[in-house]
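Participant: Next up is a structure, given as structure tokens.
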Amino acid sequence: MKYLLMALAFLISVFIARMIIPRILLISYRKKLFDSQEERKVHKGAIPRLGGVSFFPTILFSCCGVLAFYNLFGYYASTLHDDRILSEMLLLVCGLVLLYLTGIADDLIGVRYGNKMVVQLVSACLFPLSGLWINDLYGLFGLGMIPQFWGGLLTVVIVILITNAINLIDGIDGLASGLSSVSLVVLGVLFLEREMWSCSLIAFSSFGVLVPFFYYNVFGKAERARKIFMGDTGSLTLGYILSFLAIKYSQNLDGIPKEHGPLVIAFSTLLVPVFDAIRVAIVRMYKGRNPFEPDKTHIHHLFLRMGFTVRQALLMILLLSCILSGVNIWLIPYVENTVMLLLDVLVWIGLNVWWMKRIKMV
């Protein structure tokens with residue numbers, strides 16, 4: 001029954017998004033609501049950037065609708081989750097509302113980065129307030145269970161990092177939605193294995209809304225008015241949901257110290273966008289520039305400079321994300337968390353050095 005609920009939530013999201021996105025396209029073209037043309041942008045032509053407007057309402061409708069029918073058929077939603085998930089999900093929705101409204105404002109008229117950071121900070125603080133915070137590092141750098149204050153502070157930092165990482169990786173067609181889809185599917189399956197049904201429901205509902213969007217974003221033709229971007233509304237929504245799911249999976253619900261745990265597994269699905277955001281910020285600061293200043297140094301820009309087409313770069317980066325996530329999940333039962341993280345960092349540094357050498361050869 002519960003597996004059918006996950007499939008139903010996915011299909012509902014696919015159906016609603018498939019119905020909404022063409023309407024958003026129609027309104028965008030009639031009102032001339034297009035993405036700005038800048039030197040660092042890869043695309044050409046007038047393309048709407050309001051695709052992300054469909055994400056949050058669709059996910060909310062899908063999750064609430066499935067849970068409502070689940071209750072109407074005589075079951076109780078409490079059997080889908082642990083005791084604390086209700087407050088966590090309610091505050092998740094509150095945070096999504098704040099980010100959703102901020103994203104729409106930014107996509108339509110623009111919002112200063114400082115103002116967006118304030119909203120992200122407030123939204124991130126809702127997780128520890130709901131009882132969702134990283135309470136165990138599972139031996140990472142010799143640390144185990146950590147106090148709520150420091151765990152809550154770490155949680156806020158991670159939420160802001162992941163949310164911005166998804167926003168910054170949205171540079172070529174299908175990349176942000178593709179990487180998010182990989183993460184959502186992996187986390188959805190991991191939650192199914194743990195029988196954390198409500199979190200799996202969120203994951204598959206979110207994945208469902210990305211399927212029609214990915215089609216319009218990657219395969220849609222701008223000259224036929226069928227192409228659309230997710231904009232900040234979509235990337236902020238996805239980043240916040242992914243951070244919620246990753247932190248929820250990594251939380252030690254038993255309260256018993258463990259040497260190995262799900263921390264690395266949960267965040268391995270987000271290694272590419274997070275590592276890329278950190279690398280770009282470090283390089284910018286090293287050069288004496290604002291770490292938040294946009295440029296053309298992200299991973300997709302590197303692949304384009306190496307001579308790959310947009311589609312080839314997309315496939316290569318998605319494949320890299322799948323490999324890193326799969327290898328981490330496979331090795332973590334046998335490798336200590338700190339060693340696994342250091343190996344990930346070394347692999348990432350090695351790949352970047354290799355890419356830079358290839359760029360110089362082009």
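Each chain of the structure tokens is named A, B, ... in the order shown, its residues numbered from 1; ligands are numbered from 1 in display order.
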Which residues are near region 265-269 of chain A? Cut-off 10 Å, only C-alpha atoms, ignore same chain within fewer than 3 positions. Put them as a PyMOL selection string.
Facilitator: chain A and resi 162+179-187+190+242-243+245-251+261-262+272-274+321-333+337+341+344
Participant: Return as CSV the residues of region 141-188 of chain A lying at most 12 Å from region 47-65 of chain A, together with the closest atom-to-atom pair for each and the distance in Å to one decimal, counting only C-alpha atoms, with rows in chain order and ascending residue number.
Facilitator:
```
residue,atom,partner,partner_atom,distance
A:Asn167,CA,A:Gly52,CA,11.5
A:Asp170,CA,A:Arg49,CA,11.4
A:Asp173,CA,A:Ile47,CA,11.6
A:Ala176,CA,A:Gly52,CA,11.4
A:Ser177,CA,A:Gly52,CA,10.2
```
Participant: Output N, CA and C atoms for every residue in the selection just made, as a PDB file, in the first residue's frame.
Facilitator:
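In the end it all went to result01.pdb:
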```
ATOM      1  N   ASN A 167      21.200  26.655  -6.438  1.00  0.00           N
ATOM      2  CA  ASN A 167      20.941  27.901  -7.173  1.00  0.00           C
ATOM      3  C   ASN A 167      22.094  28.233  -8.113  1.00  0.00           C
ATOM      4  N   ASP A 170      22.693  26.017 -11.440  1.00  0.00           N
ATOM      5  CA  ASP A 170      21.668  26.129 -12.489  1.00  0.00           C
ATOM      6  C   ASP A 170      22.191  27.028 -13.613  1.00  0.00           C
ATOM      7  N   ASP A 173      21.086  23.964 -19.405  1.00  0.00           N
ATOM      8  CA  ASP A 173      19.812  23.257 -19.455  1.00  0.00           C
ATOM      9  C   ASP A 173      19.889  21.902 -18.758  1.00  0.00           C
ATOM     10  N   ALA A 176      20.625  21.670 -12.953  1.00  0.00           N
ATOM     11  CA  ALA A 176      20.095  21.732 -11.589  1.00  0.00           C
ATOM     12  C   ALA A 176      18.983  20.709 -11.386  1.00  0.00           C
ATOM     13  N   SER A 177      18.076  20.604 -12.355  1.00  0.00           N
ATOM     14  CA  SER A 177      16.976  19.642 -12.231  1.00  0.00           C
ATOM     15  C   SER A 177      17.494  18.212 -12.322  1.00  0.00           C
TER      16      SER A 177
END
```
Participant: Looking at only C-alpha atoms, which of A:Phe69, A:Tyr240, A:Phe292, A:Trp133 is the one that sits closest to Val280 (chain A)?
Facilitator: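 Of the candidates, the smallest distance to Val280 (chain A) is held by A:Phe292.
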Participant: CA of Tyr113 (chain A) and CA of Ile134 (chain A), how far apart in Å?
Facilitator: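 Computing the Euclidean distance for CA of Ile134 (chain A) and CA of Tyr113 (chain A) yields 26.8 Å.
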Participant: So that I can see what lies close to region 309-314 of chain A, please list as a PyMOL selection string the residues with an atom at most 7 Å from it, counting only C-alpha atoms and leaving out residues fewer than 3 positions away in the same chain.
Facilitator: chain A and resi 172+174-175+300+303-304+317-318
Participant: Would you return as a list in words the members of region 98-185 of chain A that DSSP assigns to strand (DSSP E or B) on this structure's backbone?
Facilitator: Asp136, Leu137, Tyr138, Gly139, Leu140, Leu143, Gly144 and Met145 of chain A
Participant: Residues within 12 Å of Ile24 (chain A), please, as a PyMOL selection string. Count only C-alpha atoms; anything in the same chain fewer than 3 positions from it doesn't count.
Facilitator: chain A and resi 17-21+27-34+47-55+213+216+225-230
Participant: For the residues in that selection, give me N, CA, C and O atoms as a tab-separated table (two decimals), in the first residue's frame.
Facilitator:
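Now in selection_22.tsv:
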```tsv
chain	number	residue	atom	x	y	z
A	17	ALA	N	2.32	19.15	-12.96
A	17	ALA	CA	3.38	19.96	-13.55
A	17	ALA	C	3.23	20.01	-15.07
A	17	ALA	O	3.46	21.05	-15.70
A	18	ARG	N	2.83	18.88	-15.66
A	18	ARG	CA	2.62	18.83	-17.11
A	18	ARG	C	1.48	19.75	-17.53
A	18	ARG	O	1.49	20.30	-18.65
A	19	MET	N	0.53	19.96	-16.67
A	19	MET	CA	-0.59	20.85	-16.97
A	19	MET	C	-0.24	22.32	-16.72
A	19	MET	O	-0.68	23.21	-17.45
A	20	ILE	N	0.57	22.58	-15.68
A	20	ILE	CA	0.85	23.96	-15.28
A	20	ILE	C	1.90	24.62	-16.15
A	20	ILE	O	1.76	25.79	-16.53
A	21	ILE	N	2.98	23.90	-16.45
A	21	ILE	CA	4.12	24.52	-17.14
A	21	ILE	C	3.74	25.16	-18.48
A	21	ILE	O	4.17	26.29	-18.77
A	27	ILE	N	1.65	32.58	-20.27
A	27	ILE	CA	1.62	33.86	-19.56
A	27	ILE	C	2.94	34.60	-19.72
A	27	ILE	O	2.97	35.82	-19.93
A	28	SER	N	4.04	33.86	-19.62
A	28	SER	CA	5.36	34.49	-19.71
A	28	SER	C	5.57	35.15	-21.07
A	28	SER	O	6.11	36.26	-21.15
A	29	TYR	N	5.16	34.49	-22.13
A	29	TYR	CA	5.35	35.06	-23.45
A	29	TYR	C	4.39	36.23	-23.70
A	29	TYR	O	4.75	37.20	-24.37
A	30	ARG	N	3.19	36.13	-23.17
A	30	ARG	CA	2.24	37.23	-23.35
A	30	ARG	C	2.68	38.47	-22.58
A	30	ARG	O	2.52	39.60	-23.06
A	31	LYS	N	3.23	38.28	-21.40
A	31	LYS	CA	3.65	39.41	-20.56
A	31	LYS	C	5.14	39.74	-20.73
A	31	LYS	O	5.64	40.64	-20.06
A	32	LYS	N	5.82	38.98	-21.61
A	32	LYS	CA	7.26	39.20	-21.89
A	32	LYS	C	8.10	39.09	-20.63
A	32	LYS	O	8.93	39.96	-20.31
A	33	LEU	N	7.88	38.02	-19.87
A	33	LEU	CA	8.63	37.77	-18.64
A	33	LEU	C	9.77	36.82	-18.95
A	33	LEU	O	9.68	35.60	-18.76
A	34	PHE	N	10.87	37.37	-19.44
A	34	PHE	CA	11.99	36.56	-19.92
A	34	PHE	C	13.21	36.69	-19.02
A	34	PHE	O	13.36	37.67	-18.28
A	47	ILE	N	13.85	33.63	-23.19
A	47	ILE	CA	13.35	32.40	-22.57
A	47	ILE	C	12.78	32.73	-21.18
A	47	ILE	O	13.45	33.37	-20.37
A	48	PRO	N	11.56	32.30	-20.89
A	48	PRO	CA	10.98	32.55	-19.56
A	48	PRO	C	11.75	31.83	-18.47
A	48	PRO	O	12.35	30.76	-18.71
A	49	ARG	N	11.73	32.38	-17.26
A	49	ARG	CA	12.45	31.78	-16.14
A	49	ARG	C	11.54	31.51	-14.95
A	49	ARG	O	11.98	31.53	-13.80
A	50	LEU	N	10.26	31.25	-15.22
A	50	LEU	CA	9.30	31.06	-14.15
A	50	LEU	C	8.85	29.61	-14.00
A	50	LEU	O	7.82	29.34	-13.40
A	51	GLY	N	9.62	28.68	-14.54
A	51	GLY	CA	9.24	27.28	-14.42
A	51	GLY	C	9.16	26.80	-12.99
A	51	GLY	O	8.33	25.96	-12.64
A	52	GLY	N	10.00	27.36	-12.12
A	52	GLY	CA	10.00	26.97	-10.72
A	52	GLY	C	8.75	27.37	-9.96
A	52	GLY	O	8.51	26.87	-8.86
A	53	VAL	N	7.93	28.24	-10.56
A	53	VAL	CA	6.67	28.63	-9.92
A	53	VAL	C	5.76	27.42	-9.74
A	53	VAL	O	4.94	27.36	-8.82
A	54	SER	N	5.94	26.41	-10.58
A	54	SER	CA	5.09	25.21	-10.50
A	54	SER	C	5.54	24.24	-9.42
A	54	SER	O	4.77	23.35	-9.03
A	55	PHE	N	6.75	24.36	-8.93
A	55	PHE	CA	7.32	23.32	-8.06
A	55	PHE	C	6.61	23.19	-6.72
A	55	PHE	O	6.06	22.13	-6.39
A	213	PHE	N	9.32	19.34	-16.21
A	213	PHE	CA	10.17	20.52	-16.34
A	213	PHE	C	11.44	20.19	-17.10
A	213	PHE	O	11.88	20.98	-17.96
A	216	TYR	N	10.82	20.23	-20.85
A	216	TYR	CA	10.68	21.58	-21.43
A	216	TYR	C	12.00	22.34	-21.38
A	216	TYR	O	12.32	23.10	-22.29
A	225	ALA	N	8.44	28.67	-28.52
A	225	ALA	CA	7.89	29.10	-27.23
A	225	ALA	C	7.60	27.91	-26.32
A	225	ALA	O	6.59	27.87	-25.61
A	226	ARG	N	8.51	26.93	-26.32
A	226	ARG	CA	8.31	25.73	-25.51
A	226	ARG	C	9.46	25.50	-24.52
A	226	ARG	O	9.53	24.45	-23.88
A	227	LYS	N	10.35	26.46	-24.38
A	227	LYS	CA	11.50	26.30	-23.49
A	227	LYS	C	11.34	27.19	-22.27
A	227	LYS	O	10.83	28.32	-22.37
A	228	ILE	N	11.79	26.69	-21.11
A	228	ILE	CA	11.61	27.45	-19.87
A	228	ILE	C	12.74	27.12	-18.89
A	228	ILE	O	13.31	26.04	-18.92
A	229	PHE	N	13.08	28.09	-18.04
A	229	PHE	CA	14.04	27.91	-16.96
A	229	PHE	C	13.30	27.84	-15.63
A	229	PHE	O	12.15	28.29	-15.52
A	230	MET	N	13.96	27.28	-14.60
A	230	MET	CA	13.32	27.20	-13.28
A	230	MET	C	13.44	28.50	-12.50
A	230	MET	O	12.60	28.78	-11.64
```
